[in-house]
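Trainee: Before I ask anything, let me first share the structure, which is written out below as structure tokens.
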6 protein chains.
Amino acid sequence: MSNNKESQYQFPELLTTFPALFVAHVQINRPKKYNAISPDVFHSLASVFDKLSTDEDVRAILLSGVGQHFSAGLDVTAASSSGPVSKPSASDDIARRTWKVRRHVYDYQNGMNAIERCEKPVICLLHGVVYGAGIDIAVAADVRYCASGVKFSVKEVDVGLAADVGTLTRLPKIGVSYSWAKEVVYTARVFGAEEAAKVGFVSKVVKSKDDLMKEGMELAQLIATKSPVAVQSSKALLDFSRDRPVADGLAYTAVWNAAMVQSEDVTKAMMSGLKKTKTTFEKL
Amino acid sequence: MSNNKESQYQFPELLTTFPALFVAHVQINRPKKYNAISPDVFHSLASVFDKLSTDEDVRAILLSGVGQHFSAGLDVTAASSSGPVSKPSASDDIARRTWKVRRHVYDYQNGMNAIERCEKPVICLLHGVVYGAGIDIAVAADVRYCASGVKFSVKEVDVGLAADVGTLTRLPKIGVSYSWAKEVVYTARVFGAEEAAKVGFVSKVVKSKDDLMKEGMELAQLIATKSPVAVQSSKALLDFSRDRPVADGLAYTAVWNAAMVQSEDVTKAMMSGLKKTKTTFEKL
Amino acid sequence: MSNNKESQYQFPELLTTFPALFVAHVQINRPKKYNAISPDVFHSLASVFDKLSTDEDVRAILLSGVGQHFSAGLDVTAASSSGPVSKPSASDDIARRTWKVRRHVYDYQNGMNAIERCEKPVICLLHGVVYGAGIDIAVAADVRYCASGVKFSVKEVDVGLAADVGTLTRLPKIGVSYSWAKEVVYTARVFGAEEAAKVGFVSKVVKSKDDLMKEGMELAQLIATKSPVAVQSSKALLDFSRDRPVADGLAYTAVWNAAMVQSEDVTKAMMSGLKKTKTTFEKL
Amino acid sequence: MSNNKESQYQFPELLTTFPALFVAHVQINRPKKYNAISPDVFHSLASVFDKLSTDEDVRAILLSGVGQHFSAGLDVTAASSSGPVSKPSASDDIARRTWKVRRHVYDYQNGMNAIERCEKPVICLLHGVVYGAGIDIAVAADVRYCASGVKFSVKEVDVGLAADVGTLTRLPKIGVSYSWAKEVVYTARVFGAEEAAKVGFVSKVVKSKDDLMKEGMELAQLIATKSPVAVQSSKALLDFSRDRPVADGLAYTAVWNAAMVQSEDVTKAMMSGLKKTKTTFEKL
Amino acid sequence: MSNNKESQYQFPELLTTFPALFVAHVQINRPKKYNAISPDVFHSLASVFDKLSTDEDVRAILLSGVGQHFSAGLDVTAASSSGPVSKPSASDDIARRTWKVRRHVYDYQNGMNAIERCEKPVICLLHGVVYGAGIDIAVAADVRYCASGVKFSVKEVDVGLAADVGTLTRLPKIGVSYSWAKEVVYTARVFGAEEAAKVGFVSKVVKSKDDLMKEGMELAQLIATKSPVAVQSSKALLDFSRDRPVADGLAYTAVWNAAMVQSEDVTKAMMSGLKKTKTTFEKL
Amino acid sequence: MSNNKESQYQFPELLTTFPALFVAHVQINRPKKYNAISPDVFHSLASVFDKLSTDEDVRAILLSGVGQHFSAGLDVTAASSSGPVSKPSASDDIARRTWKVRRHVYDYQNGMNAIERCEKPVICLLHGVVYGAGIDIAVAADVRYCASGVKFSVKEVDVGLAADVGTLTRLPKIGVSYSWAKEVVYTARVFGAEEAAKVGFVSKVVKSKDDLMKEGMELAQLIATKSPVAVQSSKALLDFSRDRPVADGLAYTAVWNAAMVQSEDVTKAMMSGLKKTKTTFEKL
């Protein structure tokens, strides 16, 4: 199945495979460039996660990098020729230049947002260097695991920029110390696995990239055995609630579940729990 | 006093006692059912916490379970006969069935919300098994302590459901790692006391259920010696601010305290602090 | 330079110096009163941080206390003669008294808010006793470091008050365990450096006040070497996003950066990174 | 049927009848007191509208006053003996007095809120004098009609108060000129039917109270012929959206309707439309 | 030019022309079906307005219907075969059916949202019958004009549905009487041009469809002579502010205009104003 | 009294008088420049309204222009030399220029915001020409009256700008047709008194400037006879509620009034109402 399927997931600079039942694996595929994020990567991330979002054969998604590093951050050379840090056209006045840059930023944000708006859970496996745009990607995912030798940096300040494709927006909302978050943003200093785990930036540290893939796969397969109605509803409800008052979160949840609890998955899951048997849930 | 008082607090499936001056203790009281949460428990939680909210003899509330376990979660059998997971009436179309389920979900949420909207602080003492609806209750409380042998699980996914009576709404707002929160939600895996303490889900771990009751009581009694104007205002202002921008939180706080700082409790508390004596605050 | 500059920063009860290039140091200067916060301190905090906010010679600000203690909290004696806890005028009715108290609370909040709205990052160095209003100040800062012997207390409940100049509004938003936050608020109990670090209230603990000043200065100087466009934009975007849904945070960020990425700082920072040389950024 | 039903709707100071199929009529019933709003009226409004909200025999509700006047506003004498404007207990300090007043205000607001949270549409028929609390009631209803001789006044300022049970909160959200709204609030001046219609405060003016009852009944009966799923969903979605950004309103609407469009009412309504026949919808 | 351009704007069921410099005209093109809105129309609306949004040759857009009627609303037959009111697949359980319907609703909302998110102003010209989905389209536009013989109806209740692609979300935010809005929603009654103008639903009524086209064209051409930076910024800022507190609206506006006021359009527009000459603004 | 008082209200380009008990009159005082708004006017508006906000001798404020016109809008010449439309410094890069412009915009917005945050009601009397920044001022006021010959224009688009000091933020929130609002914003066309009254932009039209002053004075004096606690509370609560969900507006109102209803103004006002006598309220 998966070969045929993989052929539908050909996007530039990304490698998408289906290593187990209901599990997809997206890898940033520019190892010679340390997986630097080019405009193509941003666009492909949007395409692949929007496609996975409604793919009934997928229930959990791994996201990592081909080779040693997750990502060294924005590909400055590529972005300079056509993106937000490109030379402005001499004939544009500042309003027009700025307007175009804003469109570019929205365009790049769209790549990260696709990870968050993807209906399926995304497990981000962080290894090697994870700098700048690599962090923007990581904070848009649901779960973050890392290998012990990882090197993180919210690098944008070091290139004269405030991070603008997600890091500054999502860091205050992922349950890490705000004092720590501001410190690593203002200094762009490198931090490691242990520090990331202590503040809750990642929820697990393992020894090597190999172990990381193994642990990530186990988590993905575990999630894939669960009712997709339950798991995907949970993602939608957690993210909606994060952004709103408790009363709004509860109201939205009640409306959502009023239909969902009528799912046959409830009966199946309950029977399976009582009888200690495995069950198979219909696609979603 | 308390015997007479207890007679006013007779609600099905809950046991409410007044073990010390200004301290109430609410216990889920279905030990043979592992304190599974029936529709009666939801309704009684709403009744008892709404009543405690304006009870002038109460300044701190302990919440635990009778017997070994805090709660094994929703009582599926009971809920199936009259609640949101009950068989739909054959004569209802889907709109009417869904409408009724939504009313049920609101009804159950109301039980948890009563804990949060209760004007008095609620200390949740977690022991034995704390699954599903047990977690929904815990996250609505102010403070969470646990015994070292506790077993937690956000169990709903395992019954084919997204948690809909509070867990998914409140988890993103209690200062725990969002990566960890999503992981335990999507997998329904069991986690223990140490992990809960590390991410800040609980703020204290003690050895046994006995120690838990002792520590909980000490905390409750300490809070009960404080000005009830100060403590109960603090609860109201923290929860209001959690849900809103800083500027709104400050504006609301200023309006609130403009009257409250004129309390005689301020004078009393200051004198007591200067003279190192105990003071008695009027009821609230 | 700095002597001349310091003469422009003479505000009552504060000591403002410029110990290194682009670094300001604000100290609460009432050591004989354990740096208790008088109305003058509140007003001076507003004045000095509003002035520093647009001072082009400043890129990072240290905030500490002269002498052994950071601050013992509100100066009750001073506040009683002219502030929110002063005796009401006999001729005022309750509405007018309350109106005036509210103005006082806004006035005091304004001192803390100036720290948050200051465009430059503020690093709060906490030592000795940090009680009550000392905590209100600390949570308005960007980064919190402390010395190992520090003693913290959200003291307001012990004077019969809910904290109203920032602590209750900002504690739910700085990434600490909400269970822990409510516990320390309701009890006013003292907690130390280790506990503060574990929950993420501070992001670093060092041995002594001397070490604290040294570490703080190193952090401030590191930040001061970075592009001020990047650092100050980051502060603005983090705080805006903290208070709003992710979609609003991203939209605001895109508008902000649409102009900012055109900064010459980007080119300079990139060149400097590539050539491993130091660069000098224009003032802001 | 209705006699039996009316016996279940006996609440002090209100008269509730069921004048036509699916239509309820609630009348304030203190004509000798010009229908002044006593604490009993507030409580009865909460009780009756919460009960009507889930009454399957009701699809539209008329709200008017027995006798010549809709309501002369708060019953100051009654409210003075037990409500927010009652003399404070001499033994209470200001914090406790204020706390109790706030509970009273919430209690009174609850009466008006029940009109808004009632799942059925409420048509408010305004006649004679509509002062103070009468306006608070009117703005919580869905539709406002009036008789030509009506006299309106946002009277609270004339009793030394800001309106606190709904008028000031809802006036900025019902589509009337904000300049006009502030003018009538600050002056408490009387305005008539024509002015009320011009700014959109009411959507219809008829000649007499008799005509008002007739027009109100026609509207109620027309609404009662429609699918209750469609009408009651519309109320819920309009009010949710009014309070939130367009994007949130649309998201909530999509979740709500995802189940509701599967109603058999859709098929019935469509068939009825095509065949130009009447249809009967199941209860809700 | 426009012929060539029109060839790039071939979308099913819509007719897009460029009748004057910088003016586009989108027409719903199913006159034999009274311009009923099929899934193709929804998709084409999304495509054409997203394309026009960044088309530098366009500064104002007219939106009307080919033939006598603007639109008779949702094409029920077409929607039944593939949209939200289609027969559910027998093999789907209710959760899966509901999930799919929600995706359909989002998909349809996306067509209307494209009108609102289009960077260019959209002038909606309403004529003949404007029912159901026709209203959803109209309220997403910037300006609404109508011909005197127009017949409006928020028709959804008559097909057993709450309107879910925009009407219920946007009606409370366009400055019309909320009492009137709820009345026309709950009854689905027809209303005409005069009533629509009185409440502000439309801002101009003209005699015939011919006059409507003439007036619409005059408005579009007038807007097209203005600075596109100024006009398109205004649309963005009005819609952002509508959904948020005044303080947020102002903050966003300041960030936006900080770059925009540096536009050469400002100088050009000022010179043109002073010299009473026409000017030409660069594309945007 | 007033001469002495006026001497405390000397601010550049404004004329402030005290024509009646408790009534202040602020006039833009650059008649030779058609009351064009210079940086001095913005700053003086902030200063005078912040000072009036806590002036106990003031209960209502008139705002008009010296001479024939209210204001022709921004003084472009003055603003060009030091404000947001001034020539950028050649040595600044775009980030720094933009940063400075944003500070300027905030600075100008602050002048308008002072009108809204002023605790006293502001009645704006509009005459002659009211263009551009004149509209920004008008929409920040509480009540708008105009003379019949007035000429309004949201002029900013004609100078190549989106209005950024309040018009675009406040227009969607003052109860006018959104279709009309966008039309007058996008075209900058002139509209007159009748149209302004029809949509609710102004709430009264009178014949001449003399009549306008007379009517404004009558309204101001009427407001000044009312309890200042009631009137000023009403302003605060209306504006807070306008920006927030109904539930938040009600909660804030309850906290506010819990103290305010204990005012002696309530007793005084009630007695005065019953006895049909005049009363005198204490200052606020």
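Labels for the structure tokens follow display order: chains A, B, ..., residues from 1 in each chain, ligands from 1.
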Sorted by chain and rising residue number, which residues of chain D lie within 7 Å of chain A, and what are their closest atom pairs and distances in Å to one decimal, counting only C-alpha atoms, as a Markdown table?

Mentor:
| residue | atom | partner | partner_atom | distance |
| --- | --- | --- | --- | --- |
| D:Tyr252 | CA | A:Tyr252 | CA | 6.5 |
| D:Val255 | CA | A:Trp256 | CA | 5.8 |
| D:Trp256 | CA | A:Val255 | CA | 5.8 |
| D:Ala259 | CA | A:Ala259 | CA | 6.0 |

Trainee: Which residues, written as a PyMOL selection string, have at least one atom at most 9 Å from Met271 (chain C), with only C-alpha atoms counted and residues fewer than 6 positions away on the same chain left out?

Mentor: (chain A and resi 159) or (chain C and resi 277+279)

Trainee: Write a file of the just-selected residues containing N, CA and C atoms, as an mmCIF file, in the first residue's frame.

Mentor:
data_model
loop_
_atom_site.group_PDB
_atom_site.id
_atom_site.type_symbol
_atom_site.label_atom_id
_atom_site.label_comp_id
_atom_site.auth_asym_id
_atom_site.auth_seq_id
_atom_site.Cartn_x
_atom_site.Cartn_y
_atom_site.Cartn_z
ATOM 1 N N VAL A 159 20.251 36.802 13.819
ATOM 2 C CA VAL A 159 20.268 37.327 12.446
ATOM 3 C C VAL A 159 19.506 38.644 12.368
ATOM 4 N N THR C 277 32.689 37.935 12.996
ATOM 5 C CA THR C 277 33.199 39.199 13.541
ATOM 6 C C THR C 277 32.121 39.841 14.406
ATOM 7 N N THR C 279 29.783 43.060 15.369
ATOM 8 C CA THR C 279 29.210 44.169 14.614
ATOM 9 C C THR C 279 28.629 45.171 15.596
#

Trainee: Hey, can you check how far CA of Ser203 (chain A) sits from CA of Met112 (chain A)?

Mentor: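 One can read the CA of Ser203 (chain A) to CA of Met112 (chain A) distance as 20.2 Å.
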
Trainee: Going by DSSP on the backbone, which bits of region 146-256 of chain E are strand (DSSP E)? Write them as a PyMOL selection string, please.

Mentor: chain E and resi 146-147+151-153+204-206

Trainee: Identify all residues of region 59-284 of chain F in alpha helix (DSSP H) (DSSP on the backbone) and supply them as number ranges by chain.

Mentor: F: 76-82, 94-117, 133-140, 167-170, 178-187, 193-199, 209-225, 228-242, 246-260, 264-275

Trainee: Env of Gln109 (chain A): 10 Å cut, atoms = only C-alpha atoms, seq-sep filter 5 positions within chain, self excluded. Answer as a list in words.

Mentor: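 My reading of the contact set: Phe42, His43, Ala46, Arg103, His104, Ala114, Asp136, Ile137, Asp164, Val165 and Gly166 of chain A; Leu250, Ala251 and Ala254 of chain C.
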
Trainee: Limited to N, CA and C atoms, could you put the picked residues into a file as a PDB file, in the first residue's frame?

Mentor:
ATOM      1  N   PHE A  42       8.806  25.429   3.341  1.00  0.00           N
ATOM      2  CA  PHE A  42       7.592  26.035   3.910  1.00  0.00           C
ATOM      3  C   PHE A  42       6.355  25.613   3.122  1.00  0.00           C
ATOM      4  N   HIS A  43       6.448  25.733   1.806  1.00  0.00           N
ATOM      5  CA  HIS A  43       5.282  25.393   0.978  1.00  0.00           C
ATOM      6  C   HIS A  43       4.943  23.912   1.051  1.00  0.00           C
ATOM      7  N   ALA A  46       3.150  22.987   4.265  1.00  0.00           N
ATOM      8  CA  ALA A  46       1.731  23.308   4.165  1.00  0.00           C
ATOM      9  C   ALA A  46       0.992  22.250   3.353  1.00  0.00           C
ATOM     10  N   ARG A 103       2.900  39.618   3.138  1.00  0.00           N
ATOM     11  CA  ARG A 103       2.375  38.438   2.444  1.00  0.00           C
ATOM     12  C   ARG A 103       3.332  37.256   2.559  1.00  0.00           C
ATOM     13  N   HIS A 104       4.639  37.545   2.451  1.00  0.00           N
ATOM     14  CA  HIS A 104       5.630  36.472   2.595  1.00  0.00           C
ATOM     15  C   HIS A 104       5.586  35.860   3.982  1.00  0.00           C
ATOM     16  N   ALA A 114       0.029  24.736   9.334  1.00  0.00           N
ATOM     17  CA  ALA A 114      -0.522  23.489   8.803  1.00  0.00           C
ATOM     18  C   ALA A 114      -0.263  22.329   9.762  1.00  0.00           C
ATOM     19  N   ASP A 136      10.466  27.036  15.360  1.00  0.00           N
ATOM     20  CA  ASP A 136       9.110  27.422  14.928  1.00  0.00           C
ATOM     21  C   ASP A 136       8.294  26.200  14.538  1.00  0.00           C
ATOM     22  N   ILE A 137       8.951  25.241  13.860  1.00  0.00           N
ATOM     23  CA  ILE A 137       8.267  24.009  13.484  1.00  0.00           C
ATOM     24  C   ILE A 137       7.927  23.197  14.729  1.00  0.00           C
ATOM     25  N   ASP A 164       9.286  35.220  13.538  1.00  0.00           N
ATOM     26  CA  ASP A 164       7.948  35.663  13.140  1.00  0.00           C
ATOM     27  C   ASP A 164       7.083  34.573  12.519  1.00  0.00           C
ATOM     28  N   VAL A 165       7.517  33.341  12.564  1.00  0.00           N
ATOM     29  CA  VAL A 165       6.645  32.304  12.004  1.00  0.00           C
ATOM     30  C   VAL A 165       6.117  31.344  13.060  1.00  0.00           C
ATOM     31  N   GLY A 166       6.102  31.770  14.315  1.00  0.00           N
ATOM     32  CA  GLY A 166       5.415  30.970  15.323  1.00  0.00           C
ATOM     33  C   GLY A 166       6.044  30.889  16.693  1.00  0.00           C
TER      34      GLY A 166
ATOM     35  N   LEU C 250      -0.106  35.689  15.642  1.00  0.00           N
ATOM     36  CA  LEU C 250       0.582  35.557  14.354  1.00  0.00           C
ATOM     37  C   LEU C 250       0.277  36.736  13.438  1.00  0.00           C
ATOM     38  N   ALA C 251      -0.964  37.178  13.432  1.00  0.00           N
ATOM     39  CA  ALA C 251      -1.335  38.309  12.568  1.00  0.00           C
ATOM     40  C   ALA C 251      -0.596  39.579  12.970  1.00  0.00           C
ATOM     41  N   ALA C 254       3.054  39.332  12.011  1.00  0.00           N
ATOM     42  CA  ALA C 254       3.303  39.516  10.575  1.00  0.00           C
ATOM     43  C   ALA C 254       3.307  40.996  10.213  1.00  0.00           C
TER      44      ALA C 254
END

Trainee: May I have the residues within 10 Å of Asp142 (chain F) as a PyMOL selection string, using only C-alpha atoms and disregarding those fewer than 3 positions away in the same chain?

Mentor: (chain D and resi 178-183+186) or (chain F and resi 61+115-116+120-124+138-139+174+235+239)

Trainee: What does the structure give for the distance between CA of Lys151 (chain B) and CA of Val184 (chain C), in Å to one decimal?

Mentor: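 That distance, rounded to one decimal, is 25.7 Å.
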
Trainee: Using only C-alpha atoms, find the one residue out of F:Ala196, F:Pro228, F:Leu126, F:Phe22 that sits nearest to Leu63 (chain F).

Mentor: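 Checking each of F:Ala196, F:Pro228, F:Leu126, F:Phe22 against Leu63 (chain F), counting only C-alpha atoms, the winner is F:Leu126.
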
Trainee: Kindly give the distance, in Å, that separates CA of Lys278 (chain C) and CA of Ala90 (chain F), rounded to a single decimal.

Mentor: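 We find that CA of Lys278 (chain C) and CA of Ala90 (chain F) lie 24.5 Å from each other.
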